[in-house]
$ cat model-v2.txt   # compact mmCIF, C-alpha atoms and all ligand atoms
# COMPACT_ATOMS: atom_id res chain seq x y z
CA MET A 1367 -41.51 153.77 -57.99
CA LYS A 1368 -42.79 157.27 -57.37
CA GLY A 1369 -46.28 158.58 -58.11
CA VAL A 1370 -48.14 161.85 -57.81
CA PHE A 1371 -51.86 162.21 -57.10
CA ILE A 1372 -53.38 165.59 -57.95
CA ASP A 1373 -56.71 166.59 -56.41
CA ASP A 1374 -57.94 170.04 -55.42
CA GLN A 1375 -59.59 168.78 -52.24
CA ASP A 1376 -56.94 168.31 -49.56
CA ASP A 1377 -58.81 165.67 -47.56
CA GLN A 1378 -59.55 163.61 -50.68
CA ARG A 1379 -55.96 163.96 -51.81
CA ASP A 1380 -54.64 162.65 -48.50
CA ILE A 1381 -57.11 159.75 -48.27
CA ILE A 1382 -56.64 158.63 -51.86
CA SER A 1383 -52.85 159.08 -51.74
CA ARG A 1384 -52.72 156.80 -48.70
CA LEU A 1385 -54.87 154.19 -50.46
CA LEU A 1386 -52.73 154.39 -53.59
CA GLU A 1387 -49.60 153.77 -51.48
CA LYS A 1388 -50.90 150.20 -50.98
CA SER A 1389 -49.84 149.58 -54.58
CA GLY A 1390 -46.22 149.79 -53.43
CA ILE A 1391 -45.79 153.08 -55.30
CA ASP A 1392 -44.66 156.07 -53.20
CA PHE A 1393 -47.40 158.73 -53.41
CA SER A 1394 -46.04 161.02 -50.69
CA SER A 1395 -45.05 163.95 -52.95
CA ARG A 1396 -47.54 166.82 -52.98
CA VAL A 1397 -48.47 168.79 -56.07
CA ALA A 1398 -51.03 171.51 -55.38
CA PRO A 1399 -53.32 172.29 -58.33
CA THR A 1400 -52.43 175.98 -58.48
CA LYS A 1401 -51.73 176.99 -62.06
CA ILE A 1402 -51.08 174.70 -65.00
CA SER A 1403 -47.65 176.29 -65.59
CA GLU A 1404 -46.68 175.68 -61.95
CA ILE A 1405 -47.88 172.07 -61.95
CA ARG A 1406 -46.00 171.41 -65.14
CA ALA A 1407 -42.76 172.82 -63.64
CA ARG A 1408 -43.27 170.87 -60.41
CA ILE A 1409 -43.93 167.58 -62.26
CA LEU A 1410 -40.86 168.01 -64.45
CA ASP A 1411 -38.87 168.70 -61.29
CA LEU A 1412 -40.28 165.71 -59.34
CA ASN A 1413 -40.00 163.41 -62.37
CA PRO A 1414 -42.62 160.88 -61.14
CA ASP A 1415 -43.09 157.41 -62.67
CA ILE A 1416 -46.85 157.93 -62.83
CA ILE A 1417 -49.34 160.80 -62.51
CA VAL A 1418 -52.85 160.16 -61.20
CA MET A 1419 -55.40 162.99 -61.23
CA ASP A 1420 -58.98 163.80 -60.40
CA TYR A 1421 -61.15 165.31 -63.14
CA ARG A 1422 -62.20 168.56 -61.50
CA LEU A 1423 -59.20 170.41 -60.16
CA ASP A 1424 -60.91 173.74 -59.71
CA GLU A 1425 -63.78 173.10 -57.33
CA VAL A 1426 -61.97 174.43 -54.31
CA HIS A 1427 -61.11 178.07 -54.93
CA GLN A 1428 -57.98 179.37 -53.31
CA ASP A 1429 -55.94 182.50 -53.89
CA GLY A 1430 -53.31 182.08 -56.53
CA TYR A 1431 -55.08 179.10 -58.16
CA ASP A 1432 -56.29 179.13 -61.74
CA GLY A 1433 -60.04 179.63 -61.84
CA ASP A 1434 -60.96 176.98 -64.32
CA PHE A 1435 -59.00 173.97 -65.36
CA ARG A 1436 -59.63 170.30 -65.55
CA ALA A 1437 -57.78 167.07 -65.96
CA GLY A 1438 -58.03 167.11 -69.78
CA GLY A 1439 -56.28 170.46 -70.09
CA LEU A 1440 -53.59 169.50 -67.60
CA ALA A 1441 -52.99 166.12 -69.25
CA GLN A 1442 -52.69 167.81 -72.65
CA ASN A 1443 -50.20 170.27 -71.25
CA LEU A 1444 -48.11 167.55 -69.59
CA ARG A 1445 -48.06 165.47 -72.78
CA GLU A 1446 -46.63 168.48 -74.61
CA ALA A 1447 -44.02 168.96 -71.87
CA PHE A 1448 -43.01 165.29 -72.22
CA LEU A 1449 -42.42 165.79 -75.95
CA GLU A 1450 -39.83 168.35 -74.92
CA TYR A 1451 -38.41 166.12 -72.15
CA PRO A 1452 -38.96 162.59 -73.50
CA GLU A 1453 -36.94 160.95 -70.72
CA LYS A 1454 -39.60 162.18 -68.24
CA ASP A 1455 -42.58 160.82 -70.19
CA ALA A 1456 -44.92 159.11 -67.69
CA PRO A 1457 -48.34 157.47 -67.69
CA ILE A 1458 -51.28 159.71 -66.78
CA VAL A 1459 -54.28 158.06 -65.12
CA LEU A 1460 -57.65 159.64 -64.44
CA LEU A 1461 -59.24 158.79 -61.09
CA SER A 1462 -62.63 160.35 -60.60
CA THR A 1463 -66.33 159.78 -60.10
CA GLU A 1464 -68.51 158.15 -62.73
CA SER A 1465 -70.39 161.36 -63.60
CA ASN A 1466 -67.18 163.39 -63.90
CA ILE A 1467 -65.60 160.86 -66.21
CA ARG A 1468 -68.72 160.86 -68.33
CA THR A 1469 -68.73 164.67 -68.48
CA LEU A 1470 -65.16 164.63 -69.68
CA PHE A 1471 -65.43 161.89 -72.28
CA GLN A 1472 -68.94 162.50 -73.61
CA PRO A 1473 -68.51 165.78 -75.47
CA ASP A 1474 -64.89 165.13 -76.38
CA ARG A 1475 -64.11 161.56 -77.34
CA THR A 1476 -60.48 162.41 -78.01
CA ALA A 1477 -60.12 163.09 -74.26
CA HIS A 1478 -59.88 159.30 -73.93
CA ASP A 1479 -56.52 159.46 -75.64
CA LEU A 1480 -55.05 161.83 -73.07
CA PHE A 1481 -55.18 159.20 -70.35
CA ASP A 1482 -53.53 155.80 -70.28
CA GLN A 1483 -56.35 154.45 -68.13
CA TRP A 1484 -59.19 155.73 -65.99
CA PHE A 1485 -60.68 154.38 -62.77
CA LEU A 1486 -63.47 155.30 -60.40
CA LYS A 1487 -62.47 156.58 -56.97
CA ASP A 1488 -64.76 153.86 -55.56
CA GLN A 1489 -62.48 151.21 -57.05
CA VAL A 1490 -59.49 152.15 -54.88
CA GLN A 1491 -61.77 152.32 -51.84
CA ASP A 1492 -63.53 149.03 -52.55
CA PRO A 1493 -63.67 146.67 -49.53
CA ASP A 1494 -62.88 143.82 -51.95
CA GLU A 1495 -59.10 143.54 -52.04
CA ALA A 1496 -59.11 141.91 -55.48
CA LYS A 1497 -60.81 144.99 -56.97
CA ARG A 1498 -58.29 147.36 -55.39
CA GLU A 1499 -55.44 145.13 -56.47
CA HIS A 1500 -56.69 145.26 -60.07
CA VAL A 1501 -56.17 149.05 -60.04
CA PHE A 1502 -52.78 148.79 -58.34
CA ARG A 1503 -51.54 146.13 -60.75
CA THR A 1504 -52.57 148.35 -63.65
CA LEU A 1505 -50.64 151.32 -62.21
CA ARG A 1506 -47.51 149.22 -61.70
CA GLY A 1507 -47.95 147.65 -65.14
CA LEU A 1508 -48.13 151.08 -66.78
CA ILE A 1509 -44.94 152.17 -65.02
CA THR A 1510 -42.98 149.11 -66.11
CA ALA A 1511 -44.34 149.38 -69.66
CA TYR A 1512 -43.13 152.98 -69.98
CA ARG A 1513 -39.75 151.94 -68.57
CA SER A 1514 -39.42 149.06 -71.04
CA ILE A 1515 -40.29 151.26 -74.01
CA LYS A 1516 -37.73 153.87 -72.90
CA SER A 1517 -35.02 151.27 -72.32
CA LEU A 1518 -35.67 149.59 -75.69
CA ARG A 1519 -35.59 152.95 -77.46
CA THR A 1520 -31.83 152.90 -78.05
CA GLU A 1521 -31.96 149.50 -79.80
CA LEU A 1522 -35.16 150.15 -81.72
CA ASN A 1523 -35.49 151.12 -85.33
CA GLY A 1524 -38.23 150.92 -87.90
CA GLU A 1525 -37.27 147.34 -88.75
CA ASN A 1526 -37.09 145.64 -85.36
CA ALA A 1527 -39.52 147.83 -83.36
CA VAL A 1528 -42.51 145.47 -83.47
CA ARG A 1529 -40.41 142.40 -82.70
CA LEU A 1530 -38.58 143.94 -79.71
CA LEU A 1531 -41.65 145.62 -78.22
CA LEU A 1532 -43.58 142.34 -78.41
CA GLY A 1533 -40.63 140.31 -77.08
CA LEU A 1534 -40.47 137.88 -80.01
CA SER A 1535 -37.56 136.12 -81.70
CA GLU A 1536 -36.78 136.83 -85.35
CA SER A 1537 -38.19 133.49 -86.46
CA GLU A 1538 -41.38 133.73 -84.42
CA VAL A 1539 -42.33 137.27 -85.41
CA LYS A 1540 -42.67 135.99 -88.99
CA VAL A 1541 -45.66 133.79 -88.10
CA VAL A 1542 -47.54 136.51 -86.19
CA GLN A 1543 -49.95 138.75 -88.09
CA THR A 1544 -48.66 142.19 -87.20
CA ASP A 1545 -49.32 143.94 -90.53
CA GLY A 1546 -50.42 147.50 -89.88
CA LEU A 1547 -48.96 147.65 -86.38
CA LYS A 1548 -45.62 149.20 -87.32
CA PRO A 1549 -47.06 152.45 -88.76
CA LEU A 1550 -48.83 152.98 -85.42
CA LEU A 1551 -45.52 152.85 -83.54
CA VAL A 1552 -42.91 154.24 -85.90
CA ASN A 1553 -43.04 157.59 -87.76
CA ALA A 1554 -42.38 158.13 -91.46
CA SER A 1555 -38.66 158.67 -90.79
CA GLY A 1556 -38.41 155.25 -89.17
CA GLU A 1557 -38.11 156.61 -85.62
CA LEU A 1558 -40.12 155.31 -82.70
CA GLU A 1559 -42.98 157.64 -81.73
CA ALA A 1560 -43.12 159.26 -78.26
CA THR A 1561 -43.24 156.78 -75.37
CA HIS A 1562 -46.82 157.66 -74.35
CA HIS A 1563 -47.95 157.25 -77.96
CA VAL A 1564 -46.33 153.81 -78.32
CA ALA A 1565 -47.75 152.78 -74.93
CA ARG A 1566 -51.26 153.88 -75.89
CA GLN A 1567 -51.20 152.00 -79.20
CA LEU A 1568 -49.88 148.77 -77.69
CA LEU A 1569 -52.36 148.89 -74.82
CA LYS A 1570 -55.46 149.80 -76.83
CA GLN A 1571 -54.79 147.87 -80.01
CA LEU A 1572 -53.19 144.70 -78.66
CA ILE A 1573 -53.47 144.21 -74.92
CA LEU A 1574 -57.07 145.30 -74.41
CA ARG A 1575 -58.39 143.75 -77.64
CA PRO A 1576 -58.11 140.02 -78.26
CA GLY A 1577 -56.46 139.11 -81.55
CA ILE A 1578 -52.88 137.90 -81.92
CA LEU A 1579 -52.90 138.06 -78.10
CA LEU A 1580 -55.66 136.36 -76.10
CA ASP A 1581 -56.83 137.14 -72.60
CA GLU A 1582 -57.98 134.36 -70.30
CA ALA A 1583 -61.66 134.85 -71.25
CA SER A 1584 -60.82 134.38 -74.94
CA MET A 1585 -58.83 131.24 -74.12
CA ARG A 1586 -61.80 129.82 -72.21
CA SER A 1587 -64.09 130.58 -75.15
CA ARG A 1588 -61.82 128.75 -77.55
CA LEU A 1589 -61.63 125.81 -75.16
CA GLY A 1590 -65.38 125.86 -74.43
CA LEU A 1591 -64.48 126.05 -70.74
CA SER A 1592 -66.87 127.53 -68.18
CA GLU A 1593 -66.30 131.16 -67.22
CA ASP A 1594 -66.84 130.20 -63.58
CA ASP A 1595 -64.46 127.24 -63.42
CA ASP A 1596 -61.30 129.03 -62.24
CA ALA A 1597 -59.80 125.94 -60.64
CA GLY A 1598 -60.45 124.02 -63.87
CA PHE A 1599 -58.65 126.61 -65.97
CA MET A 1600 -55.65 126.45 -63.61
CA ARG A 1601 -55.49 122.65 -63.65
CA LEU A 1602 -55.78 122.50 -67.43
CA SER A 1603 -53.25 125.31 -67.75
CA GLU A 1604 -50.72 123.27 -65.75
CA LYS A 1605 -51.36 120.00 -67.57
CA ALA A 1606 -51.36 121.54 -71.03
CA GLY A 1607 -48.49 123.96 -70.36
CA PHE A 1608 -50.34 127.21 -71.14
CA ASN A 1609 -47.54 129.11 -69.36
CA SER A 1610 -45.39 128.62 -72.42
CA PHE A 1611 -47.92 130.64 -74.47
CA ILE A 1612 -47.59 133.69 -72.22
CA TYR A 1613 -46.72 137.02 -73.82
CA GLU A 1614 -43.57 138.61 -72.40
CA GLY A 1615 -43.42 141.90 -74.28
CA VAL A 1616 -44.29 145.43 -73.14
CA PHE A 1617 -47.26 145.49 -70.69
CA SER A 1618 -46.83 141.84 -69.71
CA ASP A 1619 -46.27 142.86 -66.07
CA GLY A 1620 -49.74 144.28 -65.65
CA TRP A 1621 -51.75 142.08 -68.02
CA ILE A 1622 -51.53 138.31 -68.58
CA ARG A 1623 -51.90 137.57 -72.27
CA TYR A 1624 -51.35 134.42 -74.35
CA TRP A 1625 -50.01 134.23 -77.89
CA ARG A 1626 -52.82 132.98 -80.13
CA HIS A 1627 -50.50 131.26 -82.61
CA ARG A 1628 -48.87 129.23 -79.83
CA PHE A 1629 -52.31 128.23 -78.51
CA ASN A 1630 -53.46 127.27 -82.01
CA ARG A 1631 -50.36 125.17 -82.60
CA TRP A 1632 -50.89 123.37 -79.29
CA ALA A 1633 -54.55 122.69 -80.12
CA GLY A 1634 -53.61 121.41 -83.58
CA GLU A 1635 -50.96 119.08 -82.18
CA THR A 1636 -53.10 117.85 -79.27
CA PHE A 1637 -56.46 117.15 -80.90
CA VAL A 1638 -57.28 115.50 -84.21
CA GLU A 1639 -60.26 117.72 -84.95
CA PRO A 1640 -60.20 121.52 -84.82
CA LEU A 1641 -61.84 122.63 -81.56
CA SER A 1642 -63.89 125.25 -83.39
CA GLY A 1643 -65.75 122.46 -85.19
CA LEU A 1644 -66.95 120.94 -81.90
CA THR A 1645 -69.52 122.15 -79.39
CA GLY A 1646 -68.39 123.24 -75.93
CA GLY A 1647 -69.66 119.96 -74.47
CA GLN A 1648 -67.72 117.92 -77.05
CA ARG A 1649 -64.55 119.94 -76.57
CA ILE A 1650 -64.60 119.53 -72.80
CA LYS A 1651 -65.22 115.79 -73.06
CA LEU A 1652 -62.19 115.56 -75.33
CA ILE A 1653 -60.08 117.69 -72.98
CA ASN A 1654 -61.17 115.80 -69.87
CA ASP A 1655 -60.39 112.44 -71.49
CA HIS A 1656 -57.06 113.58 -72.92
CA PHE A 1657 -55.74 115.18 -69.71
CA ASP A 1658 -57.60 112.95 -67.25
CA ILE A 1659 -59.20 115.91 -65.47
CA GLU A 1660 -62.73 117.17 -64.88
CA VAL A 1661 -63.20 120.73 -66.07
CA GLN A 1662 -66.66 122.20 -66.68
CA PRO A 1663 -68.01 123.20 -70.09
CA ALA A 1664 -69.18 126.74 -70.84
CA VAL A 1665 -72.92 127.34 -70.93
CA SER A 1666 -74.44 129.81 -73.38
CA ARG A 1667 -76.07 132.72 -71.58
CA TRP A 1668 -78.74 132.74 -74.30
CA SER A 1669 -79.55 129.09 -75.02
CA GLU A 1670 -78.41 127.86 -71.59
CA THR A 1671 -76.72 124.83 -73.10
CA SER A 1672 -73.12 123.72 -73.64
CA GLU A 1673 -73.96 122.42 -77.12
CA GLU A 1674 -72.92 125.65 -78.81
CA TYR A 1675 -69.89 126.48 -80.92
CA PHE A 1676 -68.25 128.94 -78.52
CA ALA A 1677 -65.91 131.23 -80.38
CA VAL A 1678 -65.29 134.51 -78.58
CA ALA A 1679 -65.64 136.12 -75.16
CA CYS A 1680 -68.52 138.61 -75.13
CA ARG A 1681 -67.09 142.17 -75.07
CA VAL A 1682 -69.44 143.11 -72.27
CA CYS A 1683 -69.86 140.12 -69.93
CA ASN A 1684 -66.72 138.18 -70.97
CA TYR A 1685 -68.63 134.86 -71.06
CA PRO A 1686 -67.85 132.32 -73.78
CA THR A 1687 -70.16 133.21 -76.64
CA GLU A 1688 -71.30 131.55 -79.87
CA ILE A 1689 -71.43 133.46 -83.13
CA ARG A 1690 -75.11 132.68 -83.81
CA HIS A 1691 -76.26 134.26 -80.55
CA SER A 1692 -74.14 137.39 -80.69
CA VAL A 1693 -73.84 140.61 -82.70
CA ALA A 1694 -70.71 142.18 -84.19
CA VAL A 1695 -69.34 145.28 -82.51
CA PHE A 1696 -68.68 148.34 -84.66
CA ASP A 1697 -64.94 148.72 -85.02
CA PRO A 1698 -63.75 152.07 -86.38
CA ARG A 1699 -60.29 150.64 -86.85
CA PRO A 1700 -60.38 147.04 -88.09
CA SER A 1701 -56.97 145.37 -88.34
CA VAL A 1702 -55.48 141.94 -88.91
CA PHE A 1703 -53.95 141.80 -85.44
CA ALA A 1704 -57.24 142.38 -83.57
CA ASP A 1705 -60.35 140.19 -83.67
CA ARG A 1706 -63.71 141.78 -84.31
CA GLY A 1707 -65.55 142.04 -81.02
CA ARG A 1708 -68.99 140.54 -80.40
CA VAL A 1709 -71.68 141.05 -77.77
CA CYS A 1710 -73.92 138.19 -76.67
CA PHE A 1711 -77.72 138.33 -77.10
CA ASP A 1712 -78.08 138.18 -73.32
CA CYS A 1713 -76.15 141.44 -72.87
CA VAL A 1714 -78.10 143.02 -75.73
CA ASP A 1715 -81.40 141.94 -74.15
CA LEU A 1716 -80.53 143.15 -70.68
CA GLU A 1717 -78.79 146.25 -72.13
CA ARG A 1718 -75.95 145.41 -69.84
CA GLU A 1719 -73.35 148.20 -69.76
CA MET A 1720 -73.23 148.71 -73.52
CA ALA A 1721 -73.91 152.43 -73.40
CA ARG A 1722 -71.62 152.97 -70.43
CA ARG A 1723 -68.73 151.30 -72.18
CA GLU A 1724 -69.57 153.09 -75.41
CA ILE A 1725 -69.93 149.83 -77.31
CA ARG A 1726 -71.84 150.23 -80.56
CA VAL A 1727 -72.90 147.41 -82.85
CA GLU A 1728 -72.33 147.16 -86.59
CA GLU A 1729 -75.00 148.95 -88.60
CA SER A 1730 -76.08 145.64 -90.13
CA GLU A 1731 -76.79 144.28 -86.62
CA GLU A 1732 -79.05 147.13 -85.51
CA GLU A 1733 -82.13 145.24 -86.72
CA THR A 1734 -81.18 142.20 -84.63
CA VAL A 1735 -80.65 144.39 -81.57
CA ARG A 1736 -84.08 145.95 -82.06
CA LYS A 1737 -85.71 142.53 -82.42
CA ILE A 1738 -84.06 141.19 -79.26
CA GLN A 1739 -85.08 144.22 -77.26
CA ASN A 1740 -88.67 144.04 -78.62
CA HIS A 1741 -88.77 140.31 -77.85
CA GLU A 1742 -89.32 139.46 -81.52
CA ILE A 1743 -86.21 137.30 -81.11
CA LYS A 1744 -86.97 135.23 -78.05
CA ARG A 1745 -84.85 133.14 -75.79
CA PRO A 1746 -85.19 129.42 -76.46
CA GLY A 1747 -88.16 128.20 -74.46
CA GLU A 1748 -89.53 131.71 -73.94
CA ALA A 1749 -93.26 132.06 -74.63
ZN ZN B 1 -72.47 139.11 -72.80
$ encode --input "model-v2.txt" --output "structure tokens" --more "lines below"
Ligand SMILES: [Zn+2]
Amino acid sequence: MKGVFIDDQDDQRDIISRLLEKSGIDFSSRVAPTKISEIRARILDLNPDIIVMDYRLDEVHQDGYDGDFRAGGLAQNLREAFLEYPEKDAPIVLLSTESNIRTLFQPDRTAHDLFDQWFLKDQVQDPDEAKREHVFRTLRGLITAYRSIKSLRTELNGENAVRLLLGLSESEVKVVQTDGLKPLLVNASGELEATHHVARQLLKQLILRPGILLDEASMRSRLGLSEDDDAGFMRLSEKAGFNSFIYEGVFSDGWIRYWRHRFNRWAGETFVEPLSGLTGGQRIKLINDHFDIEVQPAVSRWSETSEEYFAVACRVCNYPTEIRHSVAVFDPRPSVFADRGRVCFDCVDLEREMARREIRVEESEEETVRKIQNHEIKRPGEA
């Protein structure tokens, strides 16, 4: 796997390239940010599997360099080049500082769509290996996803596109709610859209939003299992056979996701009552008895008890969250294959990261948000 990291500051470029090499991707090729036309030619010539770039590429002024261009303009230009040379289509990742990323995305929300993912430079320099590895796994996952889409392209048509991209059999795809997904992936003539377009839709609409696919936090919420009990989740996963629910379609290398319908079928076959009708404490007692294990129940961050009907993972903190102590997130693009997101009262109260992640609540919830933040809605036991 070959990558390119573009930064106008030589020392930064060398340091970050070396750090990125720890992902197992070869970042030794150099692309100087001279002129957009030259970078474009050089990238098409190098044909990398992934392109990582800083936001400001024009801070260091050198002779023969364009005076003013930034990652957004370059990404846009490369995307157009890839439409001409579809076999070279590659993921583009933004790696910059917090303030630069904000400057790019704030005035122009569509800039989000130019990049497959963005990370802070601090994340690849983090002393915590797990945090660095998260970035590296994402980079590798993007590369393999692009490769899978390209290799499936010859077999794909408007009819089987969804099934093949999601790695499902003909019988199973019929029970999954994918209505509305196909038009996002296939054009009006029945041809698959450009690789980067298909990748973006699958990642943003399915992988990064729980719905027909669940992440581990959503699984824990449905089970009423504590967010902190990692060993418990692993033990239960082994005993209950959660591995057989794992999604194996495009992006499954970088992101572990579980099919919701397989989980639901397991729950229906294993327990007499629907789990959603039980509190977290009741669910965990049932699970512990049934599997002869001792996993810990989730605790509401608002009411601080396990006797809540946990339903979703909070969009901000990821903790198991009950409907009655959470607000609905505004979703500009509701669909049957994605669940509506919610944010717990605790995150609303502490204003945890909502603005930074650009999470807005439904208009009908604004009153509740105001009341929580004014302490008109109090925590249980609060004076
Ligand atoms: Zn939360």
$ residues_around --input "model-v2.txt" --residues "Phe1502 of chain A" --least-positions-apart "5" --cutoff "12 Å" --atoms "all atoms listed in the file" --output "PyMOL selection string"
chain A and resi 1369+1385-1391+1416+1418+1459+1483+1485+1489-1491+1495-1497+1507-1509+1619-1621
$ atom_distance --input "model-v2.txt" --atom1 "atom CA of Arg1586 of chain A" --atom2 "atom CA of Pro1686 of chain A"
6.7 Å
$ closest_residue --input "model-v2.txt" --among "A:Asp1655, A:Glu1453, A:Glu1604, A:Asp1581" --to "Asn1684 of chain A" --atoms "all atoms listed in the file"
A:Asp1581
$ residues_near_ligand --input "model-v2.txt" --ligand "ligand ZN 1 (chain B)" --cutoff "7 Å" --atoms "all atoms listed in the file" --output "VMD selection string"
chain A and resid 1680 to 1685 1709 to 1713
$ residues_around --input "model-v2.txt" --residues "Arg1384 of chain A" --least-positions-apart "6" --cutoff "10 Å" --atoms "all atoms listed in the file" --output "VMD selection string"
chain A and resid 1378 1392 to 1394
$ atom_distance --input "model-v2.txt" --atom1 "atom CA of His1741 of chain A" --atom2 "atom CA of Glu1593 of chain A"
26.5 Å
$ residues_around --input "model-v2.txt" --residues "Glu1673 of chain A" --least-positions-apart "2" --cutoff "10 Å" --atoms "only C-alpha atoms" --output "number ranges by chain"
A: 1590, 1644-1649, 1663-1666, 1669-1671, 1675-1676, 1688
$ closest_residue --input "model-v2.txt" --among "A:Gly1556, A:Gly1643, A:Gly1615, A:Gly1546" --to "Phe1703 of chain A" --atoms "only C-alpha atoms"
A:Gly1546
$ closest_residue --input "model-v2.txt" --among "A:Leu1551, A:Leu1591, A:Met1585, A:Leu1531" --to "Phe1617 of chain A" --atoms "all atoms listed in the file"
A:Leu1531
$ residues_near_point --input "model-v2.txt" --point "(-65.2, 151.7, -85.5)" --cutoff "10 Å" --atoms "all atoms listed in the file" --output "PyMOL selection string"
chain A and resi 1695-1700+1725-1728
$ write_last_selection --input "model-v2.txt" --atoms "C-alpha atoms" --output "tab-separated table (two decimals), keeping the file's coordinate frame"
chain	number	residue	atom	x	y	z
A	1695	VAL	CA	-69.34	145.28	-82.51
A	1696	PHE	CA	-68.68	148.34	-84.66
A	1697	ASP	CA	-64.94	148.72	-85.02
A	1698	PRO	CA	-63.75	152.07	-86.38
A	1699	ARG	CA	-60.29	150.64	-86.85
A	1700	PRO	CA	-60.38	147.04	-88.09
A	1725	ILE	CA	-69.93	149.83	-77.31
A	1726	ARG	CA	-71.84	150.23	-80.56
A	1727	VAL	CA	-72.90	147.41	-82.85
A	1728	GLU	CA	-72.33	147.16	-86.59
$ closest_residue --input "model-v2.txt" --among "A:Lys1454, A:Met1419, A:Lys1540, A:Val1528" --to "Trp1484 of chain A" --atoms "only C-alpha atoms"
A:Met1419
$ atom_distance --input "model-v2.txt" --atom1 "atom CA of Thr1544 of chain A" --atom2 "atom CA of Ser1701 of chain A"
9.0 Å
$ residues_near_point --input "model-v2.txt" --point "(-75.4, 142.0, -83.9)" --cutoff "7 Å" --atoms "all atoms listed in the file" --output "PyMOL selection string"
chain A and resi 1692-1694+1727-1728+1731-1732+1734-1735
$ closest_residue --input "model-v2.txt" --among "A:Ser1672, A:Gln1375, A:Ser1618, A:Thr1687" --to "Ile1573 of chain A" --atoms "only C-alpha atoms"
A:Ser1618
